[in-house]
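Below is the file structure.tsv, which contains TSV, C-alpha atoms and all ligand atoms.
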chain	number	residue	atom	x	y	z
A	884	MET	CA	-21.52	11.09	4.05
A	885	TRP	CA	-19.13	13.26	2.09
A	886	SER	CA	-19.18	13.21	-1.67
A	887	ALA	CA	-15.79	12.60	-3.20
A	888	THR	CA	-16.37	14.62	-6.33
A	889	ALA	CA	-17.83	17.59	-4.43
A	890	LEU	CA	-14.82	17.72	-2.16
A	891	LEU	CA	-12.16	18.44	-4.69
A	892	SER	CA	-13.63	18.84	-8.14
A	893	GLY	CA	-11.33	21.73	-8.89
A	894	VAL	CA	-13.65	24.37	-7.47
A	895	ALA	CA	-12.78	26.40	-4.41
A	896	VAL	CA	-13.89	24.64	-1.27
A	897	THR	CA	-15.64	26.66	1.44
A	898	LEU	CA	-14.21	25.99	4.84
A	899	ALA	CA	-16.01	27.51	7.86
A	900	GLY	CA	-16.92	30.64	5.89
A	901	VAL	CA	-13.40	31.08	4.55
A	902	THR	CA	-13.26	30.30	0.86
A	903	VAL	CA	-10.04	28.50	0.06
A	904	GLY	CA	-8.60	27.81	-3.31
A	905	ALA	CA	-5.42	25.86	-4.04
A	906	ALA	CA	-3.89	26.66	-0.70
A	907	ALA	CA	-5.70	26.41	2.61
A	908	VAL	CA	-5.48	29.89	4.18
A	909	LEU	CA	-6.47	30.03	7.84
A	910	PRO	CA	-8.58	32.97	9.19
A	911	ASP	CA	-5.47	34.67	10.55
A	912	ASP	CA	-3.96	34.49	7.03
A	913	GLU	CA	-1.12	32.38	8.41
A	914	PRO	CA	-0.79	29.62	5.79
A	915	SER	CA	-0.64	26.13	7.23
A	916	PRO	CA	2.57	24.12	6.73
A	917	ALA	CA	0.67	22.01	4.25
A	918	ALA	CA	-0.47	25.09	2.34
A	919	LEU	CA	3.09	26.36	2.09
A	920	HIS	CA	4.16	22.94	0.89
A	921	LEU	CA	1.52	22.94	-1.82
A	922	GLU	CA	2.67	26.32	-3.06
A	923	ARG	CA	6.37	25.56	-3.03
A	924	ALA	CA	7.13	21.93	-3.76
A	925	THR	CA	7.30	20.19	-7.11
A	926	PRO	CA	5.00	17.18	-6.67
A	927	LEU	CA	6.72	13.85	-6.06
A	928	ARG	CA	4.56	12.32	-8.77
A	929	GLU	CA	5.93	14.83	-11.29
A	930	LEU	CA	9.50	14.01	-10.27
A	931	ALA	CA	8.75	10.29	-10.54
A	932	ALA	CA	6.99	10.44	-13.91
A	933	PRO	CA	10.16	10.61	-16.07
A	934	HIS	CA	11.18	7.30	-14.46
A	935	ASP	CA	7.81	5.76	-15.38
A	936	LEU	CA	7.37	5.27	-11.66
A	937	ARG	CA	4.20	5.71	-9.61
A	938	ILE	CA	4.36	7.33	-6.21
A	939	GLY	CA	1.63	6.40	-3.75
A	940	ALA	CA	0.46	6.47	-0.19
A	941	SER	CA	-1.87	4.36	1.89
A	942	VAL	CA	-4.99	6.32	2.78
A	943	GLN	CA	-7.63	6.12	5.46
A	944	HIS	CA	-11.32	6.82	4.85
A	945	THR	CA	-11.72	8.96	7.98
A	946	ALA	CA	-8.70	11.12	7.22
A	947	LEU	CA	-9.93	11.69	3.67
A	948	ALA	CA	-13.34	12.67	5.00
A	949	VAL	CA	-12.25	15.13	7.67
A	950	ASP	CA	-8.80	16.49	6.81
A	951	GLU	CA	-8.67	18.96	3.94
A	952	ASP	CA	-4.88	19.35	4.12
A	953	TYR	CA	-4.56	15.55	3.97
A	954	ARG	CA	-6.61	15.48	0.78
A	955	ARG	CA	-4.67	18.35	-0.76
A	956	VAL	CA	-1.25	16.93	0.06
A	957	LEU	CA	-2.34	13.53	-1.25
A	958	LEU	CA	-3.46	14.99	-4.56
A	959	HIS	CA	-0.41	17.23	-4.80
A	960	ASP	CA	2.28	14.59	-4.36
A	961	PHE	CA	0.79	11.20	-5.20
A	962	ASP	CA	-0.78	9.46	-8.18
A	963	THR	CA	-1.54	6.15	-6.50
A	964	ILE	CA	-3.32	5.08	-3.31
A	965	THR	CA	-3.66	1.92	-1.33
A	966	LEU	CA	-6.72	1.58	0.90
A	967	GLU	CA	-5.00	0.99	4.22
A	968	ASN	CA	-7.83	-0.95	5.91
A	969	GLU	CA	-11.12	-0.43	4.07
A	970	LEU	CA	-10.85	-3.51	1.83
A	971	LYS	CA	-9.80	-6.00	4.49
A	972	TRP	CA	-12.10	-8.84	5.57
A	973	ALA	CA	-12.89	-7.31	8.97
A	974	GLU	CA	-14.12	-4.15	7.23
A	975	VAL	CA	-15.93	-5.52	4.20
A	976	HIS	CA	-17.22	-8.94	5.33
A	977	PRO	CA	-18.36	-8.35	8.92
A	978	ARG	CA	-20.78	-11.26	9.04
A	979	PRO	CA	-21.29	-14.36	6.93
A	980	GLY	CA	-22.97	-13.33	3.69
A	981	VAL	CA	-22.94	-9.65	4.68
A	982	PHE	CA	-20.73	-7.22	2.76
A	983	ALA	CA	-20.06	-3.60	3.78
A	984	LEU	CA	-18.33	-1.83	0.91
A	985	ASP	CA	-19.55	1.74	1.40
A	986	ARG	CA	-16.38	3.12	2.99
A	987	ALA	CA	-14.21	1.48	0.33
A	988	GLU	CA	-16.57	2.78	-2.34
A	989	GLU	CA	-16.15	6.35	-1.08
A	990	VAL	CA	-12.37	6.08	-1.09
A	991	VAL	CA	-12.33	4.54	-4.57
A	992	ASP	CA	-14.80	7.16	-5.78
A	993	PHE	CA	-12.48	9.88	-4.49
A	994	ALA	CA	-9.53	8.24	-6.22
A	995	THR	CA	-11.42	7.83	-9.48
A	996	ALA	CA	-12.70	11.42	-9.37
A	997	ASN	CA	-9.12	12.63	-8.96
A	998	GLY	CA	-7.37	10.31	-11.40
A	999	LEU	CA	-5.53	8.28	-8.77
A	1000	ARG	CA	-4.53	4.68	-9.44
A	1001	VAL	CA	-5.87	2.31	-6.80
A	1002	ARG	CA	-4.15	-0.65	-5.14
A	1003	GLY	CA	-6.58	-3.06	-3.48
A	1004	HIS	CA	-5.35	-4.48	-0.18
A	1005	THR	CA	-5.89	-7.34	0.62
A	1006	LEU	CA	-8.00	-10.35	-0.37
A	1007	VAL	CA	-6.31	-13.03	1.76
A	1008	TRP	CA	-4.40	-12.39	4.98
A	1009	HIS	CA	-4.01	-14.02	8.39
A	1010	GLN	CA	-4.80	-10.75	10.19
A	1011	GLN	CA	-7.75	-8.34	10.36
A	1012	ASN	CA	-10.27	-11.08	9.74
A	1013	PRO	CA	-13.71	-10.87	11.40
A	1014	PRO	CA	-14.21	-12.99	14.52
A	1015	TRP	CA	-16.69	-15.27	12.72
A	1016	LEU	CA	-13.98	-16.20	10.23
A	1017	GLU	CA	-11.29	-16.59	12.87
A	1018	ARG	CA	-13.60	-19.02	14.70
A	1019	ALA	CA	-14.67	-20.91	11.59
A	1020	ARG	CA	-12.97	-24.22	11.05
A	1021	LEU	CA	-14.35	-24.91	7.60
A	1022	GLY	CA	-13.66	-27.92	5.47
A	1023	ARG	CA	-11.74	-27.44	2.24
A	1024	ASP	CA	-14.75	-27.17	-0.05
A	1025	GLN	CA	-16.58	-24.80	2.31
A	1026	ALA	CA	-13.50	-22.60	2.64
A	1027	ILE	CA	-13.02	-22.48	-1.12
A	1028	GLU	CA	-16.66	-21.48	-1.60
A	1029	LEU	CA	-16.32	-18.77	1.05
A	1030	LEU	CA	-13.18	-17.46	-0.64
A	1031	ARG	CA	-14.96	-17.52	-3.99
A	1032	THR	CA	-17.90	-15.53	-2.65
A	1033	HIS	CA	-15.59	-12.99	-1.02
A	1034	ILE	CA	-13.30	-12.43	-3.97
A	1035	GLU	CA	-16.08	-12.44	-6.58
A	1036	THR	CA	-18.00	-9.87	-4.51
A	1037	VAL	CA	-15.13	-7.58	-3.53
A	1038	VAL	CA	-13.06	-7.67	-6.73
A	1039	GLY	CA	-16.20	-7.71	-8.84
A	1040	SER	CA	-17.55	-4.60	-7.09
A	1041	PHE	CA	-14.45	-2.63	-8.06
A	1042	ARG	CA	-13.80	-4.17	-11.46
A	1043	GLY	CA	-12.08	-1.63	-13.68
A	1044	ARG	CA	-11.55	0.81	-10.79
A	1045	VAL	CA	-8.90	-1.05	-8.75
A	1046	ALA	CA	-5.83	-1.44	-10.94
A	1047	GLU	CA	-4.00	-4.00	-8.84
A	1048	TRP	CA	-4.65	-6.23	-5.85
A	1049	ASP	CA	-2.53	-7.65	-3.10
A	1050	VAL	CA	-4.28	-10.97	-3.54
A	1051	VAL	CA	-2.39	-12.76	-0.76
A	1052	ASN	CA	-0.62	-10.79	1.93
A	1053	GLU	CA	2.31	-12.27	3.87
A	1054	PRO	CA	2.21	-15.87	2.61
A	1055	ILE	CA	5.84	-16.61	3.52
A	1056	ASP	CA	6.85	-17.88	6.95
A	1057	PRO	CA	8.72	-15.04	8.72
A	1058	SER	CA	11.82	-17.25	8.74
A	1059	GLY	CA	11.78	-17.27	4.95
A	1060	ARG	CA	11.50	-21.05	4.97
A	1061	GLY	CA	8.26	-22.24	3.42
A	1062	LEU	CA	4.70	-20.97	3.59
A	1063	ARG	CA	3.25	-19.27	6.67
A	1064	ASP	CA	0.79	-21.56	8.46
A	1065	THR	CA	-2.33	-19.41	8.10
A	1066	LEU	CA	-6.00	-20.21	8.59
A	1067	TRP	CA	-6.52	-20.31	4.82
A	1068	ARG	CA	-3.66	-22.78	4.35
A	1069	GLN	CA	-5.02	-24.87	7.21
A	1070	MET	CA	-8.56	-24.93	5.80
A	1071	ILE	CA	-7.76	-25.32	2.09
A	1072	GLY	CA	-4.15	-26.47	1.75
A	1073	ASP	CA	-1.15	-25.02	-0.07
A	1074	ASP	CA	-3.22	-24.46	-3.21
A	1075	TYR	CA	-5.18	-21.70	-1.48
A	1076	LEU	CA	-2.78	-19.36	-3.23
A	1077	SER	CA	-3.47	-20.53	-6.78
A	1078	ILE	CA	-7.20	-20.68	-6.04
A	1079	ALA	CA	-7.23	-17.09	-4.72
A	1080	PHE	CA	-5.32	-15.75	-7.72
A	1081	GLY	CA	-7.54	-17.65	-10.13
A	1082	LEU	CA	-10.67	-16.24	-8.52
A	1083	ALA	CA	-9.29	-12.69	-8.55
A	1084	HIS	CA	-8.34	-13.00	-12.21
A	1085	GLU	CA	-11.79	-14.27	-13.12
A	1086	ALA	CA	-13.39	-11.39	-11.21
A	1087	ASP	CA	-11.27	-8.75	-12.98
A	1088	PRO	CA	-9.08	-10.05	-15.83
A	1089	GLU	CA	-7.50	-6.61	-16.27
A	1090	ALA	CA	-6.32	-6.17	-12.69
A	1091	ARG	CA	-2.66	-6.80	-11.90
A	1092	LEU	CA	-2.33	-9.39	-9.15
A	1093	PHE	CA	0.39	-9.35	-6.48
A	1094	LEU	CA	1.87	-11.38	-3.68
A	1095	ASN	CA	2.87	-8.96	-0.89
A	1096	ASP	CA	5.15	-9.49	2.10
A	1097	TYR	CA	7.66	-7.95	4.51
A	1098	ASP	CA	11.14	-9.25	5.26
A	1099	ALA	CA	12.51	-9.00	8.79
A	1100	THR	CA	15.24	-11.58	8.21
A	1101	SER	CA	18.93	-10.67	8.24
A	1102	ASP	CA	19.55	-12.23	4.83
A	1103	GLY	CA	16.52	-11.28	2.72
A	1104	ALA	CA	15.19	-14.84	2.85
A	1105	VAL	CA	11.50	-13.81	2.79
A	1106	PHE	CA	11.77	-11.67	-0.34
A	1107	ASP	CA	13.79	-14.44	-2.02
A	1108	ALA	CA	11.13	-16.97	-1.08
A	1109	LEU	CA	8.38	-14.61	-2.27
A	1110	ILE	CA	9.98	-14.35	-5.70
A	1111	ASP	CA	10.47	-18.13	-5.81
A	1112	LEU	CA	6.80	-18.65	-4.87
A	1113	ALA	CA	5.64	-16.25	-7.58
A	1114	ASP	CA	7.83	-18.02	-10.11
A	1115	GLU	CA	6.50	-21.43	-9.07
A	1116	LEU	CA	2.89	-20.27	-9.31
A	1117	ARG	CA	3.47	-18.66	-12.71
A	1118	ARG	CA	5.07	-21.86	-14.00
A	1119	GLY	CA	1.81	-23.54	-13.03
A	1120	GLY	CA	-0.17	-21.01	-15.05
A	1121	VAL	CA	-1.32	-18.97	-12.05
A	1122	PRO	CA	-1.83	-15.26	-12.94
A	1123	VAL	CA	0.69	-13.71	-10.56
A	1124	HIS	CA	1.83	-10.43	-12.10
A	1125	GLY	CA	3.94	-8.95	-9.37
A	1126	VAL	CA	5.46	-9.02	-5.93
A	1127	GLY	CA	5.08	-6.33	-3.31
A	1128	PHE	CA	7.95	-5.66	-0.93
A	1129	GLN	CA	6.38	-3.88	2.04
A	1130	LEU	CA	9.60	-2.29	3.40
A	1131	HIS	CA	8.54	-1.20	6.89
A	1132	LEU	CA	12.04	-0.02	7.80
A	1133	ASP	CA	13.47	0.10	11.31
A	1134	GLY	CA	17.18	0.13	10.68
A	1135	PRO	CA	19.91	-0.11	8.03
A	1136	VAL	CA	18.87	-1.57	4.66
A	1137	ASP	CA	21.05	-3.73	2.41
A	1138	VAL	CA	20.20	-1.82	-0.76
A	1139	ASP	CA	22.59	-3.86	-2.90
A	1140	ARG	CA	20.78	-7.06	-1.95
A	1141	LEU	CA	17.41	-5.39	-2.44
A	1142	ALA	CA	18.49	-4.26	-5.91
A	1143	ARG	CA	19.57	-7.82	-6.77
A	1144	GLN	CA	16.20	-9.13	-5.61
A	1145	VAL	CA	14.26	-6.58	-7.66
A	1146	ALA	CA	16.38	-7.37	-10.70
A	1147	ARG	CA	15.83	-11.12	-10.23
A	1148	ALA	CA	12.09	-10.58	-10.00
A	1149	GLY	CA	12.21	-8.49	-13.16
A	1150	ARG	CA	14.09	-11.20	-15.04
A	1151	SER	CA	11.23	-13.54	-14.13
A	1152	GLY	CA	8.81	-11.13	-15.76
A	1153	LEU	CA	7.42	-9.96	-12.45
A	1154	THR	CA	6.51	-6.36	-11.68
A	1155	VAL	CA	7.84	-5.17	-8.32
A	1156	ALA	CA	6.11	-2.64	-6.09
A	1157	PHE	CA	7.50	-1.20	-2.88
A	1158	THR	CA	4.13	-1.26	-1.22
A	1159	GLU	CA	4.30	-0.05	2.40
A	1160	VAL	CA	7.40	2.07	2.85
A	1161	ASP	CA	7.85	3.72	6.22
A	1162	ASP	CA	10.67	4.01	8.76
A	1163	ARG	CA	9.85	4.13	12.45
A	1164	LEU	CA	11.88	6.18	14.93
A	1165	ALA	CA	11.94	6.12	18.72
A	1166	ASP	CA	9.93	9.00	20.18
A	1167	GLY	CA	12.12	12.05	20.66
A	1168	ALA	CA	14.84	10.60	18.45
A	1169	GLY	CA	15.81	14.05	17.16
A	1170	ALA	CA	17.24	15.60	14.00
A	1171	ALA	CA	20.14	13.22	13.45
A	1172	ALA	CA	17.76	10.25	13.49
A	1173	ALA	CA	15.48	12.05	11.02
A	1174	LEU	CA	18.43	12.43	8.67
A	1175	ARG	CA	19.32	8.75	9.03
A	1176	GLN	CA	15.68	7.96	8.27
A	1177	ALA	CA	15.87	10.15	5.18
A	1178	ARG	CA	18.95	8.29	3.97
A	1179	ARG	CA	17.25	4.90	4.47
A	1180	ILE	CA	14.12	5.90	2.59
A	1181	ALA	CA	16.23	7.50	-0.13
A	1182	GLY	CA	18.26	4.30	-0.34
A	1183	VAL	CA	15.27	2.09	-1.07
A	1184	ALA	CA	13.80	4.73	-3.37
A	1185	GLY	CA	17.07	4.76	-5.29
A	1186	VAL	CA	16.72	1.02	-5.86
A	1187	CYS	CA	13.17	1.42	-7.15
A	1188	VAL	CA	14.20	4.21	-9.52
A	1189	ALA	CA	17.24	2.32	-10.79
A	1190	GLU	CA	15.59	-1.07	-11.29
A	1191	PRO	CA	13.19	-1.11	-14.26
A	1192	ALA	CA	11.05	-3.86	-12.72
A	1193	CYS	CA	10.12	-1.59	-9.81
A	1194	ARG	CA	7.03	0.30	-10.94
A	1195	ALA	CA	5.54	1.75	-7.76
A	1196	PHE	CA	6.85	3.32	-4.57
A	1197	VAL	CA	4.03	3.50	-2.03
A	1198	LEU	CA	4.41	5.08	1.42
A	1199	TRP	CA	2.48	3.56	4.30
A	1200	GLY	CA	0.66	6.44	5.98
A	1201	LEU	CA	0.28	10.02	4.80
A	1202	GLY	CA	1.54	11.99	7.78
A	1203	ASP	CA	2.69	10.88	11.20
A	1204	ALA	CA	-0.73	11.63	12.68
A	1205	TYR	CA	-2.21	8.79	10.64
A	1206	SER	CA	0.57	6.22	10.96
A	1207	TRP	CA	-0.07	2.72	12.27
A	1208	VAL	CA	3.30	2.72	14.06
A	1209	PRO	CA	2.49	4.36	17.45
A	1210	ASN	CA	-0.31	1.86	18.09
A	1211	ALA	CA	1.72	-1.12	16.93
A	1212	PHE	CA	5.03	-0.05	18.46
A	1213	PRO	CA	4.43	2.10	21.56
A	1214	GLY	CA	7.30	4.55	21.98
A	1215	TYR	CA	7.88	4.75	18.23
A	1216	GLY	CA	6.47	6.94	15.49
A	1217	ALA	CA	7.53	9.64	13.02
A	1218	ALA	CA	7.57	6.94	10.34
A	1219	THR	CA	6.22	8.87	7.35
A	1220	LEU	CA	7.35	11.66	5.01
A	1221	PHE	CA	5.21	14.30	6.72
A	1222	ASP	CA	4.93	15.38	10.35
A	1223	HIS	CA	1.71	15.79	12.37
A	1224	GLN	CA	1.02	19.12	10.64
A	1225	LEU	CA	1.64	17.53	7.23
A	1226	GLU	CA	4.86	19.48	6.87
A	1227	PRO	CA	7.42	17.60	4.79
A	1228	LYS	CA	10.30	16.09	6.76
A	1229	PRO	CA	13.89	15.48	5.65
A	1230	ALA	CA	12.80	12.11	4.24
A	1231	TYR	CA	10.42	13.89	1.86
A	1232	HIS	CA	13.09	16.27	0.62
A	1233	VAL	CA	15.71	13.56	0.16
A	1234	LEU	CA	13.22	11.37	-1.68
A	1235	ALA	CA	12.40	14.31	-3.97
A	1236	GLU	CA	16.11	14.79	-4.61
A	1237	VAL	CA	16.57	11.12	-5.49
A	1238	LEU	CA	13.71	11.35	-7.98
A	1239	ARG	CA	14.96	14.64	-9.38
A	1240	THR	CA	18.57	13.58	-9.90
A	1241	SER	CA	18.52	9.80	-10.52
A	1242	GLY	CA	19.50	8.85	-14.05
A	1243	ASP	CA	20.60	12.45	-14.60
A	1244	GLY	CA	16.91	13.37	-14.45
A	1245	ALA	CA	16.35	11.57	-17.73
A	1246	ALA	CA	13.69	8.95	-18.04
A	1247	SER	CA	14.79	5.59	-16.73
A	1248	PRO	CA	15.14	2.63	-19.11
A	1249	VAL	CA	11.90	1.25	-20.44
A	1250	ARG	CA	10.42	-0.61	-17.53
A	1251	SER	CA	9.42	-4.24	-17.60
A	1252	GLY	CA	6.22	-5.63	-16.24
A	1253	GLY	CA	2.72	-4.62	-17.06
A	1254	GLY	CA	0.86	-1.46	-16.21
A	1255	ARG	CA	-2.92	-1.70	-16.16
B	1301	LIG	O1	-12.11	-0.66	12.64
B	1301	LIG	C1	-11.89	-0.81	14.06
B	1301	LIG	C2	-12.82	0.13	14.82
B	1301	LIG	O2	-14.18	-0.26	14.62
B	1301	LIG	C3	-12.48	0.08	16.31
B	1301	LIG	O3	-13.27	1.03	16.99
B	1301	LIG	C4	-10.99	0.43	16.47
B	1301	LIG	C5	-10.54	0.42	17.92
B	1301	LIG	O4	-10.39	-0.91	18.33
B	1301	LIG	O5	-10.19	-0.54	15.77
B	1301	LIG	C6	-10.44	-0.45	14.37
B	1301	LIG	O6	-9.65	-1.42	13.73
B	1301	LIG	C7	-8.27	-1.06	13.65
B	1301	LIG	C8	-7.88	-1.05	12.15
B	1301	LIG	O7	-6.48	-0.82	12.00
B	1301	LIG	C9	-8.64	0.02	11.37
B	1301	LIG	O8	-8.34	1.27	11.87
B	1301	LIG	C10	-7.47	-2.13	14.36
B	1301	LIG	O9	-7.73	-2.03	15.75
B	1301	LIG	C11	-5.98	-1.92	14.11
B	1301	LIG	O10	-5.24	-3.01	14.64
B	1301	LIG	C12	-5.72	-1.88	12.60
B	1301	LIG	O11	-4.34	-1.63	12.39
B	1301	LIG	C13	-3.94	-1.83	11.03
B	1301	LIG	C14	-2.96	-3.02	11.00
B	1301	LIG	O12	-2.52	-3.23	9.65
B	1301	LIG	C15	-3.61	-4.29	11.50
B	1301	LIG	O13	-2.62	-5.31	11.51
B	1301	LIG	C16	-3.21	-0.60	10.55
B	1301	LIG	O14	-4.09	0.50	10.49
B	1301	LIG	C17	-2.60	-0.85	9.18
B	1301	LIG	O15	-1.76	0.24	8.81
B	1301	LIG	C18	-1.75	-2.11	9.19
B	1301	LIG	O16	-1.31	-2.35	7.89
B	1301	LIG	C19	-0.60	-3.58	7.68
B	1301	LIG	C20	-0.86	-3.98	6.25
B	1301	LIG	O17	-2.25	-4.13	6.06
B	1301	LIG	C21	-0.10	-5.25	5.91
B	1301	LIG	N1	1.33	-5.06	6.14
B	1301	LIG	C22	1.64	-4.68	7.52
B	1301	LIG	C23	0.92	-3.40	7.88
B	1301	LIG	C24	1.25	-2.99	9.29
B	1301	LIG	O18	0.73	-3.94	10.20

Turn this file's structure into structure tokens for me.
Ligand code: G3I
Amino acid sequence: MWSATALLSGVAVTLAGVTVGAAAVLPDDEPSPAALHLERATPLRELAAPHDLRIGASVQHTALAVDEDYRRVLLHDFDTITLENELKWAEVHPRPGVFALDRAEEVVDFATANGLRVRGHTLVWHQQNPPWLERARLGRDQAIELLRTHIETVVGSFRGRVAEWDVVNEPIDPSGRGLRDTLWRQMIGDDYLSIAFGLAHEADPEARLFLNDYDATSDGAVFDALIDLADELRRGGVPVHGVGFQLHLDGPVDVDRLARQVARAGRSGLTVAFTEVDDRLADGAGAAAALRQARRIAGVAGVCVAEPACRAFVLWGLGDAYSWVPNAFPGYGAATLFDHQLEPKPAYHVLAEVLRTSGDGAASPVRSGGGR
């Protein structure tokens, strides 16, 4: 399998007999769109740094292994990654007592070798669980022991290398009213949340621990409930450090409400991360839709830059070719900052402009919440 450090340790990488340096130059000397981007654009991470803000992207093991432009664009623009699938139960815990961490290890090794901050995703979720777990109807004590084994093994394996974890993903009922009725809640009870966070904190006391969710309600009820849940857990002494707002956009965003929610979370001492930002468009939607998409992504980015509690802005998918959207929403796509050739789209340029000009380019106020 590929070696992360050998891939991009600062030396020129030989590609099919053509030695390439900072920019991938194809045999016909026609630079790829990605190569031109690398030569021309100020990295997003550099534009975000004065705001004490991290810019990230979810990454996929296969894309990292096979796509040199993907690796180069990632390292050019981003300082943070989320493993999109490689740390989920279905990937790492395929059979009872059997752990498969090699793909996650290679992604984390690549990140470590290149100074990228790593978000671990996710320790507890109602999706992407292996069939054996979906079928299991364990008693409370058995389920707690299984959760302990999983979290101790997975978090422990990456202790000190994964800076923050989405400990529980999507705990709120999509209506915003109460907890989602998931297999973990059914097996353990409502305290599955505090147990999971306690186990994660024991396994890596330095890692920042998050609740993460999306909000498809018309009134922001899920994000409000997520903040309330985090507050309630923290009042009980549970080590919840932050909340992740996924922000899979598919239409207008109430940025004023979002800003109020981020500010409220910050007042509670919570760190906020925008964890899975993308904006799906109908196939063939055209240039006007791409500009509307740019404005939506810029709108949420503007909230994250302006609100000190927001510490990370993470895109979901690096390039439309690697986006989850076409599989999940047939007839939709184009949800990321880069097209299929990893050429930046209007959303990239507008995001860069927001970062460049927000707060008159000066550093944003000292941000609340903890780093690593
Ligand atoms: O790993 C298997 C592979 O062995 C098999 O050959 C292949 C074909 O069936 O499927 C592969 O699993 C796929 C997995 O991604 C890894 O590539 C699943 O089918 C596919 O459903 C899964 O989709 C992921 C989705 O979560 C699952 O709900 C997306 O890539 C991922 O972007 C998406 O991410 C979630 C976040 O984790 C949580 N927030 C919502 C977001 C979008 O659903």

Which residues come within 12 Å of Asp1024 in chain A, counting all atoms listed in the file, excluding same-chain residues fewer than 3 positions away, as a short mmCIF file (atom, residue, chain, number, x, y, z; two decimals) with C-alpha atoms, in the coordinates of the input?
data_model
loop_
_atom_site.label_atom_id
_atom_site.label_comp_id
_atom_site.auth_asym_id
_atom_site.auth_seq_id
_atom_site.Cartn_x
_atom_site.Cartn_y
_atom_site.Cartn_z
CA ARG A 1020 -12.97 -24.22 11.05
CA LEU A 1021 -14.35 -24.91 7.60
CA ILE A 1027 -13.02 -22.48 -1.12
CA GLU A 1028 -16.66 -21.48 -1.60
CA LEU A 1029 -16.32 -18.77 1.05
CA LEU A 1030 -13.18 -17.46 -0.64
CA ARG A 1031 -14.96 -17.52 -3.99
CA TRP A 1067 -6.52 -20.31 4.82
CA MET A 1070 -8.56 -24.93 5.80
CA ILE A 1071 -7.76 -25.32 2.09
CA GLY A 1072 -4.15 -26.47 1.75
CA TYR A 1075 -5.18 -21.70 -1.48
CA ILE A 1078 -7.20 -20.68 -6.04
#

If you take all atoms listed in the file and a cut-off of 8 Å, which residues of chain A touch ligand LIG 1301 (chain B), and what are their nearest atom pairs and distances in Å to one decimal, in chain and number order, as CSV?
residue,atom,partner,partner_atom,distance
A:Glu967,CA,B:LIG1301,O15,5.7
A:Asn968,CA,B:LIG1301,C9,5.6
A:Glu969,CA,B:LIG1301,C9,7.7
A:Lys971,CA,B:LIG1301,O17,7.9
A:Ala973,CA,B:LIG1301,O1,7.6
A:Glu974,CA,B:LIG1301,O1,6.7
A:His1004,CA,B:LIG1301,O17,7.0
A:Thr1005,CA,B:LIG1301,O17,7.3
A:Gln1010,CA,B:LIG1301,O13,6.0
A:Gln1011,CA,B:LIG1301,C15,5.9
A:Asn1052,CA,B:LIG1301,C21,6.8
A:Glu1053,CA,B:LIG1301,N1,7.6
A:Asp1096,CA,B:LIG1301,N1,7.1
A:Tyr1097,CA,B:LIG1301,N1,7.1
A:Gln1129,CA,B:LIG1301,N1,6.6
A:His1131,CA,B:LIG1301,C22,7.8
A:Glu1159,CA,B:LIG1301,N1,6.9
A:Trp1199,CA,B:LIG1301,O15,7.0
A:Gly1200,CA,B:LIG1301,O15,7.2
A:Ser1206,CA,B:LIG1301,O15,6.8
A:Trp1207,CA,B:LIG1301,O15,4.6
A:Val1208,CA,B:LIG1301,O15,7.7
A:Asn1210,CA,B:LIG1301,O10,7.7
A:Ala1211,CA,B:LIG1301,O18,7.4

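Here CA of Glu988 in chain A is placed at a distance of 26.4 Å from CA of Val1155 in chain A.
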
Between CA of Asp1133 in chain A and CA of Val990 in chain A, what distance in Å does the model show, to one decimal?
29.3 Å

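In terms of minimum interatomic distance to Asp1162 in chain A, A:Ala1177 ranks closest within A:Leu966, A:Ala1177, A:Leu1016, A:Val1188, counting only C-alpha atoms.
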
Hey, what's within 8 Å of range 1114-1117 of chain A if we count all atoms listed in the file and toss same-chain stuff fewer than 6 positions away? As a CSV table (one decimal) with C-alpha atoms, in the coordinates of the input, please?
chain,number,residue,atom,x,y,z
A,1077,SER,CA,-3.5,-20.5,-6.8
A,1123,VAL,CA,0.7,-13.7,-10.6
A,1151,SER,CA,11.2,-13.5,-14.1

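Of the listed residues A:Pro933, A:Glu1047, A:Gly1152, A:Gly1119, the one whose atoms come nearest to Asp1074 in chain A is A:Gly1119, with distances taken using all atoms listed in the file.
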
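Going from CA of His1124 in chain A to CA of Leu1092 in chain A covers 5.2 Å.
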
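Nearest residue to Gly1185 in chain A among A:Gly1167, A:Pro1054, A:Pro926, A:Gly1242 is A:Gly1242, counting all atoms listed in the file.
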
Residue neighbourhood Phe1080 in chain A, 7 Å, all atoms listed in the file, exclusion window fewer than 3 positions, as a CSV table (one decimal) with C-alpha atoms, in the frame of the given file:
chain,number,residue,atom,x,y,z
A,1050,VAL,CA,-4.3,-11.0,-3.5
A,1076,LEU,CA,-2.8,-19.4,-3.2
A,1077,SER,CA,-3.5,-20.5,-6.8
A,1083,ALA,CA,-9.3,-12.7,-8.6
A,1084,HIS,CA,-8.3,-13.0,-12.2
A,1121,VAL,CA,-1.3,-19.0,-12.0
A,1122,PRO,CA,-1.8,-15.3,-12.9
A,1123,VAL,CA,0.7,-13.7,-10.6

Selected residue of minimal separation from Ala1079 in chain A among A:Asp1107, A:Asp1166, A:Asp1049, A:Asp1056, counting only C-alpha atoms
A:Asp1049

Can you report as lines of an AutoDock Vina configuration file the centre and edge lengths in Å, to one decimal, of an axis-aligned box around the listed atoms of range 1177-1195 of chain A padded with 5 Å on each side?
center_x = 12.2
center_y = 3.1
center_z = -4.5
size_x = 23.4
size_y = 24.0
size_z = 29.4

Counting all atoms listed in the file, the residue among A:Ala994, A:Val942, A:Val975, A:Thr1065 that lies closest to Ile1034 in chain A is A:Val975

Cut-off 12 Å around (-11.7, 9.2, 6.3) with all atoms listed in the file: residues as a PyMOL selection string:
chain A and resi 884-887+941-951+953-954+966-969+985-991+993+1205
